[in-house]
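Below: query36.txt (compact mmCIF, C-alpha atoms)
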```txt
# COMPACT_ATOMS: atom_id res chain seq x y z
CA MET A 1 149.26 87.09 149.56
CA ILE A 2 149.11 83.47 148.54
CA ASP A 3 148.05 81.08 151.28
CA LEU A 4 150.54 78.30 151.95
CA THR A 5 147.80 75.68 151.62
CA LEU A 6 146.85 76.97 148.16
CA ALA A 7 150.52 77.11 147.16
CA ARG A 8 151.09 73.50 148.29
CA GLN A 9 148.00 72.40 146.39
CA HIS A 10 149.17 74.20 143.25
CA LEU A 11 152.66 72.70 143.53
CA LYS A 12 151.31 69.26 144.42
CA ALA A 13 153.72 69.31 147.37
CA ASP A 14 152.77 66.38 149.60
CA ASN A 15 155.07 66.77 152.57
CA GLU A 16 153.48 69.44 154.75
CA THR A 17 156.47 70.68 156.73
CA VAL A 18 159.75 69.97 154.98
CA GLU A 19 159.52 72.66 152.35
CA ASP A 20 157.27 75.29 153.97
CA ASP A 21 160.08 77.85 154.37
CA LEU A 22 161.18 77.29 150.79
CA ILE A 23 157.63 77.59 149.44
CA GLU A 24 157.05 80.77 151.45
CA GLN A 25 160.24 82.24 149.98
CA TYR A 26 159.07 81.30 146.48
CA ILE A 27 155.67 82.88 147.17
CA ALA A 28 157.39 86.15 148.14
CA SER A 29 159.69 85.98 145.11
CA ALA A 30 156.86 85.13 142.71
CA THR A 31 154.78 88.02 144.06
CA SER A 32 157.72 90.39 143.74
CA ALA A 33 158.44 89.25 140.17
CA CYS A 34 154.81 89.81 139.15
CA GLU A 35 154.74 93.21 140.87
CA GLY A 36 157.93 94.16 139.07
CA TYR A 37 156.52 93.09 135.72
CA CYS A 38 153.35 95.15 136.29
CA ASN A 39 155.27 98.05 137.86
CA ARG A 40 152.67 98.05 140.64
CA LYS A 41 152.47 97.03 144.25
CA PHE A 42 149.93 94.30 145.00
CA TYR A 43 147.72 94.58 148.05
CA GLN A 44 145.60 91.97 149.78
CA THR A 45 142.80 94.42 150.64
CA LEU A 46 141.56 97.84 149.60
CA GLN A 47 142.19 99.06 153.14
CA GLN A 48 145.89 98.11 152.89
CA LYS A 49 146.13 99.91 149.56
CA THR A 50 144.42 103.04 150.92
CA GLU A 51 146.63 103.16 154.02
CA ASP A 52 149.83 102.68 152.03
CA TYR A 53 148.75 105.35 149.54
CA GLN A 54 148.91 107.99 152.29
CA VAL A 55 152.33 106.74 153.42
CA ALA A 56 153.55 106.70 149.81
CA LEU A 57 152.55 110.33 149.31
CA ALA A 58 154.51 111.28 152.42
CA ASP A 59 157.50 109.26 151.16
CA LEU A 60 157.32 111.11 147.84
CA GLU A 61 157.39 114.45 149.64
CA VAL A 62 160.46 113.36 151.64
CA ALA A 63 162.21 112.20 148.45
CA ARG A 64 161.36 115.46 146.70
CA ASP A 65 162.73 117.55 149.61
CA ALA A 66 165.90 115.45 149.74
CA ARG A 67 166.35 115.87 145.97
CA ASP A 68 165.93 119.63 146.14
CA ALA A 69 168.37 119.98 149.05
CA ALA A 70 170.95 117.75 147.40
CA LEU A 71 170.67 119.58 144.07
CA ALA A 72 171.12 122.92 145.83
CA ALA A 73 174.28 121.61 147.49
CA ALA A 74 175.69 119.85 144.41
CA THR A 75 178.81 121.41 142.98
CA ASN A 76 179.13 119.52 139.70
CA ASP A 77 176.99 117.89 137.04
CA GLU A 78 177.99 114.32 137.94
CA VAL A 79 176.71 114.72 141.48
CA LYS A 80 173.53 116.32 140.16
CA TRP A 81 172.91 113.35 137.86
CA ILE A 82 173.43 110.94 140.76
CA VAL A 83 170.92 112.91 142.84
CA ILE A 84 168.42 113.00 139.98
CA ASN A 85 168.77 109.27 139.27
CA ASP A 86 168.34 108.47 142.96
CA TYR A 87 165.18 110.56 143.05
CA ILE A 88 163.81 108.92 139.90
CA ALA A 89 164.30 105.47 141.47
CA LYS A 90 162.60 106.51 144.71
CA ARG A 91 159.80 108.22 142.82
CA GLY A 92 159.25 105.13 140.69
CA ALA A 93 158.92 102.96 143.78
CA VAL A 94 156.43 105.40 145.31
CA LEU A 95 154.39 105.59 142.12
CA ALA A 96 154.25 101.78 141.95
CA ARG A 97 152.64 101.94 145.40
CA CYS A 98 150.32 104.83 144.53
CA ASN A 99 149.14 102.91 141.46
CA GLY A 100 148.92 99.61 143.30
CA VAL A 101 146.15 97.14 142.77
CA VAL A 102 144.22 94.80 145.04
CA ILE A 103 144.91 91.25 143.91
CA ASP A 104 142.13 89.29 142.32
CA ASP A 105 141.88 85.74 141.02
CA THR A 106 143.70 86.63 137.81
CA ILE A 107 146.71 88.09 139.61
CA THR A 108 146.65 85.12 142.00
CA ALA A 109 146.83 82.78 138.99
CA ALA A 110 149.86 84.64 137.61
CA ILE A 111 151.63 84.52 140.98
CA LEU A 112 150.90 80.78 141.19
CA MET A 113 152.34 80.28 137.70
CA MET A 114 155.50 82.08 138.74
CA LEU A 115 155.59 80.11 141.99
CA GLY A 116 155.43 76.87 140.03
CA HIS A 117 158.20 78.12 137.75
CA PHE A 118 160.48 78.90 140.70
CA TYR A 119 159.63 75.62 142.42
CA ARG A 120 160.32 73.46 139.37
CA ASN A 121 163.36 75.41 138.11
CA ARG A 122 165.49 75.65 141.21
CA GLN A 123 168.60 76.31 139.21
CA GLU A 124 169.13 78.87 136.50
CA VAL A 125 167.81 77.76 133.15
CA VAL A 126 169.42 79.61 130.28
CA VAL A 127 167.80 79.11 126.90
CA SER A 128 169.31 82.16 125.28
CA GLN A 129 171.19 85.27 126.29
CA TYR A 130 167.99 87.03 127.39
CA SER A 131 166.11 84.36 129.29
CA GLY A 132 166.50 82.64 132.61
CA ALA A 133 164.67 81.22 135.57
CA THR A 134 163.56 84.62 136.82
CA GLN A 135 161.70 85.53 133.64
CA LEU A 136 157.92 85.31 133.95
CA PRO A 137 156.32 82.41 132.12
CA ALA A 138 154.49 83.47 128.95
CA GLY A 139 151.10 82.56 130.45
CA ALA A 140 151.72 84.74 133.49
CA LYS A 141 152.77 87.66 131.29
CA ARG A 142 149.67 87.27 129.17
CA ILE A 143 147.25 87.33 132.06
CA LEU A 144 149.06 90.23 133.76
CA GLU A 145 148.97 92.46 130.66
CA PRO A 146 145.76 94.28 131.69
CA TYR A 147 147.46 95.21 134.98
CA LEU A 148 150.61 96.75 133.47
CA TRP A 149 151.29 100.34 134.46
CA VAL A 150 153.87 102.31 132.53
CA GLY A 151 153.50 105.65 134.27
CA ASP A 152 155.36 108.89 133.91
CA LEU A 153 158.95 108.09 133.02
CA GLY A 154 160.15 111.70 133.05
CA GLY A 155 161.10 111.63 136.71
CA MET A 156 161.54 115.33 137.36
CA SER A 157 157.92 116.35 137.53
CA ALA A 158 156.13 116.44 140.87
```
Whole structure, structure tokens version:
Amino acid sequence: MIDLTLARQHLKADNETVEDDLIEQYIASATSACEGYCNRKFYQTLQQKTEDYQVALADLEVARDARDAALAAATNDEVKWIVINDYIAKRGAVLARCNGVVIDDTITAAILMMLGHFYRNRQEVVVSQYSGATQLPAGAKRILEPYLWVGDLGGMSA
């Protein structure tokens, strides 16, 4: 999603080849962290989003059928809860795709902020019990707020 040239410029990384693999890994991690914060999948183009939407709906149907079959075969409540929790996780991932968003300059800025955070904090930084290097910088959180999607947390509905 983020071009390597733009990432290098943002990081002020002068050497063009030594750290390319590392920067590409940080780009993927920064994108994933921002997607996780927003609870949405990010897409480069509307066409990618539209195509994945159809696949996501099919994945949801498969997960629903697997849930129903497993619940019918379950013999005790513990197994049923495992099946239900597995379905809720799969459903959440599908809904994050169905409610995905095409990245714009604002999302790009947040990903670049997170990229810079990963690049500069290569080791865990613990300030308190609840913070660390994988937490989004405050600026990135602030600019991603309009893109947050909470969704249906019930899990058992269609």
Completion exercise
Between A:Leu4, A:Cys38, A:Ala28, A:Val79, smallest distance to Tyr147 (chain A) by all atoms listed in the file belongs to A:Cys38
Practice task
Identify which of the residues A:Gly100, A:Gly36, A:Gly116, A:Gly92 lies closest to Tyr53 (chain A), counting only C-alpha atoms when measuring atom-to-atom distances.
Solution key: A:Gly100
Practice task
Measure the distance from CA of Val102 (chain A) to CA of Phe118 (chain A) in Å and round it to one decimal.
Solution key: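 CA of Phe118 (chain A) lies 23.2 Å from CA of Val102 (chain A).
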Practice task
Between CA of Thr75 (chain A) and CA of Asp59 (chain A), measure the distance and give it in Å to one decimal.
Solution key: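 These atoms are spaced 25.9 Å apart.
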Exercise for the section: Pick out the residues sitting within 9 Å of Arg91 (chain A), and hand them over as a PyMOL selection string; count only C-alpha atoms, and ignore anything fewer than 5 positions along from it in its own chain. Expected result: chain A and resi 59-60+63-64+86+96+155
Practice task
Compile the contact shell of Asn39 (chain A) as a VMD selection string: residues with an atom at most 7 Å away, counting all atoms listed in the file, same-chain residues fewer than 5 positions apart removed.
Solution key: chain A and resid 96 148 to 150
Exercise for the section: Would you mind telling me which residue in A:Cys34, A:Ile27, A:Ala13, A:Ala110 lies nearest to Met1 (chain A) when using only C-alpha atoms? Expected result: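 Checking each of A:Cys34, A:Ile27, A:Ala13, A:Ala110 against Met1 (chain A), counting only C-alpha atoms, the winner is A:Ile27.
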Handout entry: Atom pair CA of Leu144 (chain A) / CA of Ile107 (chain A): separation (Å)
Key = 6.7 Å
Residues of region 68-114 of chain A at most 12 Å from region 135-139 of chain A: nearest atom pair and distance in Å, all atoms listed in the file, as JSON lines:
```
{"residue": "A:Thr106", "atom": "CA", "partner": "A:Gly139", "partner_atom": "CA", "distance": 11.2}
{"residue": "A:Ile107", "atom": "CA", "partner": "A:Gly139", "partner_atom": "CA", "distance": 11.6}
{"residue": "A:Ala109", "atom": "CA", "partner": "A:Gly139", "partner_atom": "CA", "distance": 9.6}
{"residue": "A:Ala110", "atom": "CA", "partner": "A:Gly139", "partner_atom": "CA", "distance": 7.6}
{"residue": "A:Ile111", "atom": "CA", "partner": "A:Leu136", "partner_atom": "CA", "distance": 9.5}
{"residue": "A:Leu112", "atom": "CA", "partner": "A:Pro137", "partner_atom": "CA", "distance": 10.7}
{"residue": "A:Met113", "atom": "CA", "partner": "A:Pro137", "partner_atom": "CA", "distance": 7.2}
{"residue": "A:Met114", "atom": "CA", "partner": "A:Leu136", "partner_atom": "CA", "distance": 6.3}
```
Will you give me region 64-121 of chain A, written with C-alpha atoms and laid out as an mmCIF file, in the first residue's frame?
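And here's out_11.cif as it stands now:
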```cif
data_model
loop_
_atom_site.group_PDB
_atom_site.id
_atom_site.type_symbol
_atom_site.label_atom_id
_atom_site.label_comp_id
_atom_site.auth_asym_id
_atom_site.auth_seq_id
_atom_site.Cartn_x
_atom_site.Cartn_y
_atom_site.Cartn_z
ATOM 1 C CA ARG A 64 -21.742 -20.188 8.914
ATOM 2 C CA ASP A 65 -22.208 -23.687 7.431
ATOM 3 C CA ALA A 66 -19.199 -25.004 9.367
ATOM 4 C CA ARG A 67 -20.581 -23.485 12.580
ATOM 5 C CA ASP A 68 -24.005 -25.032 12.070
ATOM 6 C CA ALA A 69 -22.553 -28.474 11.303
ATOM 7 C CA ALA A 70 -20.195 -28.349 14.269
ATOM 8 C CA LEU A 71 -22.948 -27.217 16.644
ATOM 9 C CA ALA A 72 -25.192 -30.035 15.445
ATOM 10 C CA ALA A 73 -22.416 -32.543 16.152
ATOM 11 C CA ALA A 74 -21.323 -31.044 19.491
ATOM 12 C CA THR A 75 -22.064 -33.188 22.498
ATOM 13 C CA ASN A 76 -21.296 -30.764 25.325
ATOM 14 C CA ASP A 77 -21.431 -27.068 26.127
ATOM 15 C CA GLU A 78 -17.649 -26.580 26.153
ATOM 16 C CA VAL A 79 -17.351 -27.786 22.572
ATOM 17 C CA LYS A 80 -20.287 -25.587 21.581
ATOM 18 C CA TRP A 81 -18.590 -22.529 23.078
ATOM 19 C CA ILE A 82 -15.380 -23.329 21.212
ATOM 20 C CA VAL A 83 -17.349 -23.617 17.965
ATOM 21 C CA ILE A 84 -19.193 -20.362 18.648
ATOM 22 C CA ASN A 85 -15.997 -18.483 19.522
ATOM 23 C CA ASP A 86 -14.288 -19.794 16.394
ATOM 24 C CA TYR A 87 -17.209 -18.611 14.296
ATOM 25 C CA ILE A 88 -17.219 -15.186 15.959
ATOM 26 C CA ALA A 89 -13.511 -14.756 15.141
ATOM 27 C CA LYS A 90 -14.017 -15.797 11.513
ATOM 28 C CA ARG A 91 -17.094 -13.616 11.202
ATOM 29 C CA GLY A 92 -15.220 -10.638 12.616
ATOM 30 C CA ALA A 93 -12.452 -11.056 10.061
ATOM 31 C CA VAL A 94 -15.001 -11.278 7.243
ATOM 32 C CA LEU A 95 -16.883 -8.219 8.462
ATOM 33 C CA ALA A 96 -13.615 -6.250 8.622
ATOM 34 C CA ARG A 97 -13.236 -7.058 4.916
ATOM 35 C CA CYS A 98 -16.873 -6.313 4.070
ATOM 36 C CA ASN A 99 -16.545 -2.939 5.794
ATOM 37 C CA GLY A 100 -13.138 -2.233 4.320
ATOM 38 C CA VAL A 101 -12.082 1.153 3.080
ATOM 39 C CA VAL A 102 -9.981 2.373 0.174
ATOM 40 C CA ILE A 103 -6.962 4.152 1.596
ATOM 41 C CA ASP A 104 -6.690 7.877 1.169
ATOM 42 C CA ASP A 105 -4.045 10.415 2.139
ATOM 43 C CA THR A 106 -5.195 10.448 5.760
ATOM 44 C CA ILE A 107 -4.877 6.693 6.175
ATOM 45 C CA THR A 108 -1.530 6.825 4.362
ATOM 46 C CA ALA A 109 -0.328 9.415 6.890
ATOM 47 C CA ALA A 110 -1.346 7.167 9.797
ATOM 48 C CA ILE A 111 0.426 4.171 8.268
ATOM 49 C CA LEU A 112 3.537 6.311 7.756
ATOM 50 C CA MET A 113 3.395 7.422 11.404
ATOM 51 C CA MET A 114 3.235 3.799 12.502
ATOM 52 C CA LEU A 115 6.018 2.902 10.073
ATOM 53 C CA GLY A 116 8.214 5.590 11.603
ATOM 54 C CA HIS A 117 7.366 4.295 15.072
ATOM 55 C CA PHE A 118 8.397 0.739 14.161
ATOM 56 C CA TYR A 119 11.533 1.937 12.389
ATOM 57 C CA ARG A 120 12.728 4.108 15.264
ATOM 58 C CA ASN A 121 11.681 1.747 18.083
#
```
